[in-house]
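As provided, protein-v8.cif (mmCIF, C-alpha atoms) reads as follows.
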```
data_run
loop_
_atom_site.label_atom_id
_atom_site.label_comp_id
_atom_site.auth_asym_id
_atom_site.auth_seq_id
_atom_site.Cartn_x
_atom_site.Cartn_y
_atom_site.Cartn_z
CA GLY A 1 -37.37 8.78 -76.04
CA VAL A 2 -40.97 7.55 -76.17
CA LEU A 3 -42.44 11.03 -76.53
CA ALA A 4 -39.97 11.89 -79.30
CA SER A 5 -40.83 8.75 -81.27
CA SER A 6 -42.96 9.04 -84.40
CA GLY A 7 -43.57 5.39 -85.27
CA LYS A 8 -46.71 3.33 -84.86
CA TYR A 9 -45.04 0.83 -82.54
CA ILE A 10 -42.54 0.98 -79.67
CA GLN A 11 -39.84 -1.60 -79.01
CA PHE A 12 -37.20 -1.43 -76.27
CA ILE A 13 -33.69 -2.87 -76.67
CA ASP A 14 -30.94 -2.72 -74.03
CA SER A 15 -27.59 -1.50 -75.34
CA ASP A 16 -25.76 -4.63 -74.11
CA ASP A 17 -28.14 -7.05 -75.85
CA PHE A 18 -28.93 -7.97 -79.44
CA ILE A 19 -31.98 -9.11 -81.39
CA GLU A 20 -32.45 -11.73 -84.08
CA ARG A 21 -32.48 -10.31 -87.61
CA ASN A 22 -36.13 -11.18 -88.13
CA MET A 23 -37.40 -9.96 -84.73
CA ILE A 24 -38.94 -6.67 -85.85
CA PHE A 25 -40.51 -8.32 -88.91
CA LYS A 26 -42.05 -11.14 -86.87
CA MET A 27 -43.25 -8.90 -84.04
CA VAL A 28 -44.87 -6.35 -86.37
CA ASN A 29 -46.47 -9.13 -88.42
CA SER A 30 -47.92 -10.57 -85.20
CA MET A 31 -49.55 -7.24 -84.31
CA SER A 32 -53.04 -6.43 -85.60
CA ILE A 33 -55.87 -3.91 -85.16
CA ASP A 34 -57.43 -5.78 -82.24
CA VAL A 35 -54.12 -6.79 -80.60
CA GLU A 36 -52.38 -4.27 -78.33
CA LEU A 37 -49.31 -6.25 -77.25
CA VAL A 38 -47.05 -8.88 -78.80
CA LEU A 39 -44.83 -11.03 -76.54
CA CYS A 40 -42.07 -13.43 -77.63
CA GLY A 41 -39.51 -15.79 -76.12
CA TYR A 42 -35.88 -14.91 -75.42
CA LYS A 43 -32.43 -16.38 -74.86
CA THR A 44 -30.25 -15.58 -71.85
CA LEU A 45 -26.53 -15.64 -72.60
CA CYS A 46 -24.26 -15.58 -69.57
CA LEU A 47 -20.80 -16.43 -68.33
CA GLU A 48 -21.31 -18.67 -65.30
CA ASN A 49 -18.38 -20.14 -63.38
CA GLY A 50 -16.07 -19.44 -66.28
CA ARG A 51 -18.32 -21.18 -68.82
CA LYS A 52 -20.65 -19.75 -71.44
CA LYS A 53 -24.25 -20.75 -70.82
CA GLU A 54 -27.43 -20.34 -72.86
CA VAL A 55 -30.91 -20.55 -71.38
CA LEU A 56 -34.02 -20.44 -73.57
CA THR A 57 -37.25 -18.99 -72.19
CA VAL A 58 -40.26 -19.85 -74.31
CA PRO A 59 -43.89 -19.03 -73.43
CA ALA A 60 -45.97 -22.04 -72.37
CA ILE A 61 -49.15 -20.55 -73.82
CA LEU A 62 -49.30 -19.42 -77.45
CA GLY A 63 -51.80 -17.53 -79.58
CA ILE A 64 -54.06 -14.49 -79.36
CA TYR A 65 -55.87 -14.19 -76.04
CA GLU A 66 -58.34 -11.87 -74.39
CA ILE A 67 -56.78 -9.92 -71.53
CA GLU A 68 -59.01 -11.79 -69.06
CA TYR A 69 -57.33 -15.07 -70.03
CA ILE A 70 -53.85 -13.52 -69.75
CA LEU A 71 -54.58 -12.23 -66.24
CA ASN A 72 -56.22 -15.46 -65.09
CA ASN A 73 -53.08 -17.29 -66.25
CA PHE A 74 -50.70 -14.52 -65.17
CA SER A 75 -48.54 -16.92 -63.15
CA ILE A 76 -47.62 -19.02 -66.21
CA LEU A 77 -45.92 -16.01 -67.80
CA TYR A 78 -44.74 -14.31 -64.61
CA GLU A 79 -42.82 -17.24 -63.14
CA LYS A 80 -40.90 -17.62 -66.42
CA TRP A 81 -39.92 -13.92 -66.29
CA LEU A 82 -41.90 -13.10 -69.44
CA ILE A 83 -44.02 -10.31 -67.92
CA ASN A 84 -41.25 -8.24 -66.31
CA PRO A 85 -38.94 -7.21 -69.18
CA LEU A 86 -39.68 -4.63 -71.86
CA TRP A 87 -37.46 -6.07 -74.56
CA ASN A 88 -39.48 -9.19 -75.44
CA LYS A 89 -42.54 -7.12 -76.33
CA LEU A 90 -43.94 -4.83 -79.03
CA TYR A 91 -46.21 -1.99 -77.90
CA LYS A 92 -48.57 0.40 -79.66
CA ALA A 93 -47.20 3.93 -79.33
CA GLU A 94 -50.63 5.56 -79.13
CA ILE A 95 -51.60 3.52 -76.07
CA ILE A 96 -48.44 4.56 -74.23
CA LYS A 97 -48.74 8.24 -75.16
CA ASN A 98 -52.52 8.64 -74.83
CA ASN A 99 -52.57 7.01 -71.40
CA HIS A 100 -49.37 8.66 -70.15
CA ILE A 101 -47.68 5.35 -69.33
CA PHE A 102 -44.15 6.30 -68.35
CA PHE A 103 -41.38 5.01 -66.10
CA ASP A 104 -41.13 5.76 -62.38
CA SER A 105 -37.67 7.30 -62.03
CA ASN A 106 -37.84 6.90 -58.24
CA LEU A 107 -37.65 3.11 -58.47
CA GLN A 108 -34.28 1.35 -58.42
CA LEU A 109 -35.89 -1.95 -59.38
CA GLY A 110 -39.15 -3.01 -60.94
CA GLU A 111 -39.85 0.05 -63.09
CA ASP A 112 -40.15 -2.12 -66.22
CA LEU A 113 -42.68 -4.41 -64.51
CA ILE A 114 -44.77 -1.46 -63.29
CA PHE A 115 -44.74 -0.04 -66.84
CA ASN A 116 -45.94 -3.37 -68.27
CA LEU A 117 -48.70 -3.72 -65.67
CA GLU A 118 -50.00 -0.25 -66.51
CA TYR A 119 -49.90 -1.11 -70.20
CA LEU A 120 -51.77 -4.39 -69.66
CA LYS A 121 -54.61 -2.41 -68.08
CA LYS A 122 -55.20 -0.81 -71.48
CA CYS A 123 -55.06 -4.05 -73.48
CA ASN A 124 -57.96 -6.06 -74.87
CA LYS A 125 -55.91 -8.78 -76.56
CA VAL A 126 -52.33 -10.05 -76.35
CA HIS A 127 -50.54 -12.13 -78.99
CA ILE A 128 -47.99 -14.57 -77.57
CA ILE A 129 -45.55 -16.20 -80.00
CA ASN A 130 -42.98 -18.91 -79.26
CA ASP A 131 -40.18 -17.49 -81.42
CA VAL A 132 -36.97 -16.81 -79.46
CA LEU A 133 -36.14 -13.40 -80.91
CA TYR A 134 -34.27 -11.51 -78.19
CA ASN A 135 -30.81 -12.20 -76.74
CA TYR A 136 -30.34 -11.03 -73.16
CA ILE A 137 -26.70 -10.70 -72.11
CA THR A 138 -25.69 -11.03 -68.46
CA ILE A 139 -22.30 -11.58 -66.82
CA GLU A 140 -23.57 -14.10 -64.28
CA MET A 141 -27.00 -15.40 -63.30
CA GLY A 142 -26.15 -15.70 -59.60
CA SER A 143 -26.32 -12.92 -57.02
CA LEU A 144 -22.64 -12.74 -56.10
CA THR A 145 -21.79 -10.21 -58.78
CA ARG A 146 -24.64 -7.82 -58.04
CA SER A 147 -23.87 -4.43 -56.57
CA TYR A 148 -25.60 -3.28 -53.38
CA LYS A 149 -29.00 -1.66 -53.93
CA GLU A 150 -30.34 0.65 -51.26
CA ASN A 151 -34.07 0.40 -50.46
CA MET A 152 -34.32 -2.79 -52.50
CA LEU A 153 -37.12 -4.14 -50.29
CA LEU A 154 -39.34 -1.09 -50.87
CA SER A 155 -39.00 -1.43 -54.65
CA GLN A 156 -39.86 -5.13 -54.49
CA ILE A 157 -42.89 -4.50 -52.28
CA LYS A 158 -44.18 -1.87 -54.69
CA SER A 159 -43.94 -4.39 -57.56
CA TYR A 160 -45.63 -7.09 -55.47
CA LYS A 161 -48.50 -4.78 -54.50
CA ALA A 162 -48.92 -3.54 -58.09
CA ILE A 163 -49.38 -7.12 -59.33
CA TYR A 164 -51.75 -7.96 -56.48
CA GLU A 165 -53.89 -4.86 -57.10
CA LEU A 166 -54.16 -5.57 -60.84
CA LEU A 167 -55.14 -9.20 -60.30
CA ASN A 168 -57.49 -8.37 -57.44
CA VAL A 169 -59.33 -5.56 -59.28
CA THR A 170 -59.77 -7.75 -62.37
CA LYS A 171 -60.91 -10.70 -60.21
CA SER A 172 -57.95 -12.74 -61.43
CA TYR A 173 -56.36 -13.39 -58.04
CA ASN A 174 -57.03 -17.12 -58.20
CA LYS A 175 -55.24 -19.86 -56.26
CA GLN A 176 -52.61 -20.45 -58.95
CA ASN A 177 -51.77 -16.75 -59.26
CA GLN A 178 -51.72 -16.31 -55.49
CA GLN A 179 -49.33 -19.21 -54.94
CA THR A 180 -46.95 -18.02 -57.66
CA LEU A 181 -47.04 -14.40 -56.52
CA GLU A 182 -46.34 -15.35 -52.89
CA THR A 183 -43.52 -17.72 -53.92
CA MET A 184 -41.93 -15.13 -56.22
CA PHE A 185 -42.18 -12.47 -53.51
CA PHE A 186 -40.50 -14.83 -51.07
CA SER A 187 -37.67 -15.18 -53.61
CA THR A 188 -37.30 -11.39 -53.64
CA ILE A 189 -37.10 -11.42 -49.83
CA VAL A 190 -34.21 -13.88 -50.15
CA ASP A 191 -32.66 -11.55 -52.74
CA CYS A 192 -32.95 -8.69 -50.24
CA PHE A 193 -31.04 -10.69 -47.61
CA GLU A 194 -28.35 -11.54 -50.16
CA ASN A 195 -28.22 -7.87 -51.16
CA VAL A 196 -27.54 -6.89 -47.54
CA VAL A 197 -25.03 -9.64 -46.74
CA ASN A 198 -23.29 -9.57 -50.14
CA THR A 199 -19.54 -8.97 -49.79
CA ASN A 200 -19.70 -6.46 -52.66
CA ASN A 201 -21.35 -3.90 -50.39
CA LYS A 202 -19.49 -1.84 -47.80
CA LEU A 203 -22.03 -2.12 -44.98
CA SER A 204 -20.68 -2.68 -41.48
CA VAL A 205 -21.89 -5.69 -39.50
CA TYR A 206 -24.05 -3.32 -37.45
CA ASP A 207 -25.69 -1.92 -40.61
CA LYS A 208 -26.24 -5.41 -42.00
CA ILE A 209 -28.02 -6.45 -38.80
CA LYS A 210 -30.07 -3.25 -38.88
CA ASN A 211 -31.12 -3.87 -42.49
CA ILE A 212 -32.02 -7.50 -41.81
CA ARG A 213 -34.26 -6.37 -38.94
CA ILE A 214 -36.00 -3.88 -41.24
CA ILE A 215 -36.75 -6.74 -43.66
CA ILE A 216 -38.06 -9.27 -41.12
CA GLU A 217 -40.20 -6.65 -39.33
CA ASN A 218 -41.85 -5.40 -42.52
CA ASP A 219 -45.63 -6.03 -42.61
CA SER A 220 -45.58 -7.35 -46.21
CA VAL A 221 -42.80 -9.80 -45.34
CA ILE A 222 -44.63 -11.01 -42.21
CA LYS A 223 -47.80 -11.52 -44.25
CA ASN A 224 -45.89 -13.42 -46.94
CA ILE A 225 -44.32 -15.77 -44.40
CA SER A 226 -47.81 -16.62 -43.12
CA ASN A 227 -49.21 -17.30 -46.61
CA VAL A 228 -46.41 -18.72 -48.75
CA THR A 229 -46.27 -22.42 -49.54
CA PHE A 230 -43.65 -24.13 -51.69
CA LYS A 231 -44.46 -26.58 -54.47
CA ASN A 232 -41.28 -28.45 -53.64
CA ASN A 233 -40.29 -28.51 -49.99
CA ILE A 234 -36.87 -26.91 -50.51
CA LEU A 235 -35.04 -27.16 -47.19
CA LYS A 236 -33.28 -23.81 -47.63
CA ASN A 237 -36.59 -21.96 -48.08
CA GLU A 238 -38.18 -23.69 -45.09
CA ILE A 239 -35.20 -22.78 -42.90
CA ILE A 240 -35.29 -19.13 -44.04
CA LYS A 241 -39.05 -19.01 -43.44
CA ILE A 242 -38.60 -20.28 -39.85
CA LEU A 243 -35.77 -17.82 -39.18
CA ILE A 244 -37.85 -14.87 -40.42
CA LYS A 245 -40.92 -15.99 -38.48
CA ASN A 246 -38.88 -16.20 -35.27
CA LYS A 247 -36.98 -12.98 -36.09
CA CYS A 248 -33.58 -14.68 -35.84
CA THR A 249 -31.54 -11.75 -37.13
CA TYR A 250 -28.07 -13.08 -36.32
CA CYS A 251 -28.89 -16.55 -37.68
CA ILE A 252 -30.01 -14.99 -40.98
CA LEU A 253 -26.76 -13.00 -41.17
CA PHE A 254 -24.74 -16.14 -40.43
CA LEU A 255 -26.69 -18.31 -42.89
CA PHE A 256 -26.36 -15.93 -45.84
CA SER A 257 -22.70 -15.23 -45.02
CA ILE A 258 -22.02 -18.99 -45.15
CA ILE A 259 -24.02 -19.41 -48.37
CA GLY A 260 -22.12 -16.52 -49.95
CA SER A 261 -18.74 -17.94 -48.91
CA ILE A 262 -19.59 -21.41 -50.24
CA ARG A 263 -20.79 -20.01 -53.58
CA LYS A 264 -17.66 -17.91 -53.95
CA THR A 265 -15.39 -20.87 -53.16
CA VAL A 266 -17.23 -23.16 -55.59
CA LYS A 267 -17.10 -20.48 -58.27
CA LEU A 268 -13.32 -20.07 -57.91
CA LEU A 269 -12.78 -23.84 -57.97
CA LEU A 270 -14.85 -24.23 -61.14
CA ILE A 271 -12.94 -21.41 -62.83
CA LEU A 272 -9.63 -23.10 -61.93
CA ILE A 273 -10.90 -26.49 -63.18
CA ASN A 274 -12.09 -24.98 -66.47
CA LYS A 275 -8.67 -23.44 -67.06
#
```
Can you turn what I pasted into structure tokens?
Amino acid sequence: GVLASSGKYIQFIDSDDFIERNMIFKMVNSMSIDVELVLCGYKTLCLENGRKKEVLTVPAILGIYEIEYILNNFSILYEKWLINPLWNKLYKAEIIKNNHIFFDSNLQLGEDLIFNLEYLKKCNKVHIINDVLYNYITIEMGSLTRSYKENMLLSQIKSYKAIYELLNVTKSYNKQNQQTLETMFFSTIVDCFENVVNTNNKLSVYDKIKNIRIIIENDSVIKNISNVTFKNNILKNEIIKILIKNKCTYCILFLFSIIGSIRKTVKLLLILINK
């Protein structure tokens, strides 16, 4: 698709989503000769527990910035999920084509993030606007409805390392970025446990235990557990951290099975109440 395009700019839109009528106009108008990337806010529309829910995500920093500033403040955009997606951005086609920035088809997760990180390496300036111009549609924001993803941990580690390498090479791996990156990676570790224990997958108990052991014995996970600190001492995270550190495989399986059962029960009750 990208190679076949003939326009000056590239914009990505998922088939399930929709954009505001003025999105293209505003994004193109925000682009200039010395700006290589335009980034906007977005709205998440989901059906959660039988109710429609809207969540606005608006950038906390606005204006045209040198890439050094963007990378030094990477965490501000990353923790709000503004770096990862393709669809809240406008790219210059020549940068993508001339630098052969394409998607890694071997990745199940994180290919959009890797693409954006490679693109950022070729940017001098980024224009961030606060307009909410994209509408992201999802069935549910929780993890109960997700299908099982094989090798999820490896994809997440590749994304984590790609961010670290970019920030480290550009001397942007400051305390704020480090704390956010470690916290976000810990969240993906939790996602990996939920992915394994999730009732939507057909893994046997033996395979679930095997997969949990692979996660807790991974070098990147062990390193994260040693470094991660939480801004708010969330009891759940502290418990999970202790269980990983002590390699309590069966306790992790039990904990996430209980969490999954409670979430499912609460979800069904809320659906019944809303009816």
Legend entry - Expansion of the PyMOL selection byres ((chain A and resi 125) around 8) into residues, as an MDAnalysis selection string: chainID A and resid 34:37 64:67 123:124 126:127
Legend entry - 10 Å contact set for Asp191 in chain A, all atoms listed in the file, chain neighbours under 4 positions out, as a PyMOL selection string: chain A and resi 143+152-153+156+185-187+195-198
Atoms kept (C-alpha atoms) for selection, written as an mmCIF file, in the frame of the given file:
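again_5.cif, written as the output of this step:
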```cif
data_model
loop_
_atom_site.group_PDB
_atom_site.id
_atom_site.type_symbol
_atom_site.label_atom_id
_atom_site.label_comp_id
_atom_site.auth_asym_id
_atom_site.auth_seq_id
_atom_site.Cartn_x
_atom_site.Cartn_y
_atom_site.Cartn_z
ATOM 1 C CA SER A 143 -26.320 -12.920 -57.020
ATOM 2 C CA MET A 152 -34.320 -2.790 -52.500
ATOM 3 C CA LEU A 153 -37.120 -4.140 -50.290
ATOM 4 C CA GLN A 156 -39.860 -5.130 -54.490
ATOM 5 C CA PHE A 185 -42.180 -12.470 -53.510
ATOM 6 C CA PHE A 186 -40.500 -14.830 -51.070
ATOM 7 C CA SER A 187 -37.670 -15.180 -53.610
ATOM 8 C CA ASN A 195 -28.220 -7.870 -51.160
ATOM 9 C CA VAL A 196 -27.540 -6.890 -47.540
ATOM 10 C CA VAL A 197 -25.030 -9.640 -46.740
ATOM 11 C CA ASN A 198 -23.290 -9.570 -50.140
#
```
Legend entry - Nearest residue to Asn227 in chain A from the set A:Glu182, A:Lys89, A:Thr199, A:Glu194 (distances using only C-alpha atoms):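 Closest to Asn227 in chain A of all the choices is A:Glu182.
CA of Ile114 in chain A is positioned 13.0 Å from CA of Ile96 in chain A.
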Inset, instruction - Enter the distance from CA of Phe74 in chain A to CA of Leu62 in chain A, in Å, rounded to one decimal. - result: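 Value for the CA of Phe74 in chain A-CA of Leu62 in chain A distance: 13.3 Å.
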Inset, instruction - Rounded to one decimal place, report the CA of Phe193 in chain A-CA of Asn211 in chain A distance in Å. - result: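 Computing the Euclidean distance for CA of Phe193 in chain A and CA of Asn211 in chain A yields 8.5 Å.
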Legend entry - range 97-99 of chain A environment, 12 Å, all atoms listed in the file, sequence neighbours closer than 2 positions dropped, as a list of chain:residue names: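 Skipping anything fewer than 2 positions along the chain leaves A:Gly1, A:Val2, A:Leu3, A:Ala4, A:Ser5, A:Ser6, A:Gly7, A:Lys8, A:Tyr9, A:Ile10, A:Tyr91, A:Lys92, A:Ala93, A:Glu94, A:Ile95, A:Ile101, A:Phe102, A:Phe115, A:Glu118, A:Tyr119, A:Leu120, A:Lys121, A:Lys122, A:Cys123.
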Keeping only C-alpha atoms, write the selected residues as a compact mmCIF listing (two decimals), keeping the file's coordinate frame.
```
# COMPACT_ATOMS: atom_id res chain seq x y z
CA GLY A 1 -37.37 8.78 -76.04
CA VAL A 2 -40.97 7.55 -76.17
CA LEU A 3 -42.44 11.03 -76.53
CA ALA A 4 -39.97 11.89 -79.30
CA SER A 5 -40.83 8.75 -81.27
CA SER A 6 -42.96 9.04 -84.40
CA GLY A 7 -43.57 5.39 -85.27
CA LYS A 8 -46.71 3.33 -84.86
CA TYR A 9 -45.04 0.83 -82.54
CA ILE A 10 -42.54 0.98 -79.67
CA TYR A 91 -46.21 -1.99 -77.90
CA LYS A 92 -48.57 0.40 -79.66
CA ALA A 93 -47.20 3.93 -79.33
CA GLU A 94 -50.63 5.56 -79.13
CA ILE A 95 -51.60 3.52 -76.07
CA ILE A 101 -47.68 5.35 -69.33
CA PHE A 102 -44.15 6.30 -68.35
CA PHE A 115 -44.74 -0.04 -66.84
CA GLU A 118 -50.00 -0.25 -66.51
CA TYR A 119 -49.90 -1.11 -70.20
CA LEU A 120 -51.77 -4.39 -69.66
CA LYS A 121 -54.61 -2.41 -68.08
CA LYS A 122 -55.20 -0.81 -71.48
CA CYS A 123 -55.06 -4.05 -73.48
```
Inset, instruction - Please check which residues have atoms at most 10 Å from (-45.3, -23.0, -73.8) in the file's coordinates, counting only C-alpha atoms, and write them as an MDAnalysis selection string. - result: chainID A and resid 41 57:62 76:77 128:130
Just need the box for range 13-22 of chain A, edges along x, y and z, holding every atom the file lists for it with 6 Å tacked onto each side, so centre and edge lengths in Å to one decimal, as JSON.
```
{"center_x": -30.9, "center_y": -6.6, "center_z": -81.1, "size_x": 22.4, "size_y": 22.2, "size_z": 26.1}
```
Surrounding residues of Leu181 in chain A excluding itself and chain neighbours under 2 positions, 10 Å, only C-alpha atoms, as a compact mmCIF listing (two decimals) with C-alpha atoms, in the frame of the given file:
```
# COMPACT_ATOMS: atom_id res chain seq x y z
CA PHE A 74 -50.70 -14.52 -65.17
CA SER A 75 -48.54 -16.92 -63.15
CA TYR A 78 -44.74 -14.31 -64.61
CA GLU A 79 -42.82 -17.24 -63.14
CA TYR A 160 -45.63 -7.09 -55.47
CA LYS A 161 -48.50 -4.78 -54.50
CA ILE A 163 -49.38 -7.12 -59.33
CA TYR A 164 -51.75 -7.96 -56.48
CA TYR A 173 -56.36 -13.39 -58.04
CA LYS A 175 -55.24 -19.86 -56.26
CA GLN A 176 -52.61 -20.45 -58.95
CA ASN A 177 -51.77 -16.75 -59.26
CA GLN A 178 -51.72 -16.31 -55.49
CA GLN A 179 -49.33 -19.21 -54.94
CA THR A 183 -43.52 -17.72 -53.92
CA MET A 184 -41.93 -15.13 -56.22
CA PHE A 185 -42.18 -12.47 -53.51
CA PHE A 186 -40.50 -14.83 -51.07
CA SER A 187 -37.67 -15.18 -53.61
CA ASN A 224 -45.89 -13.42 -46.94
CA VAL A 228 -46.41 -18.72 -48.75
```
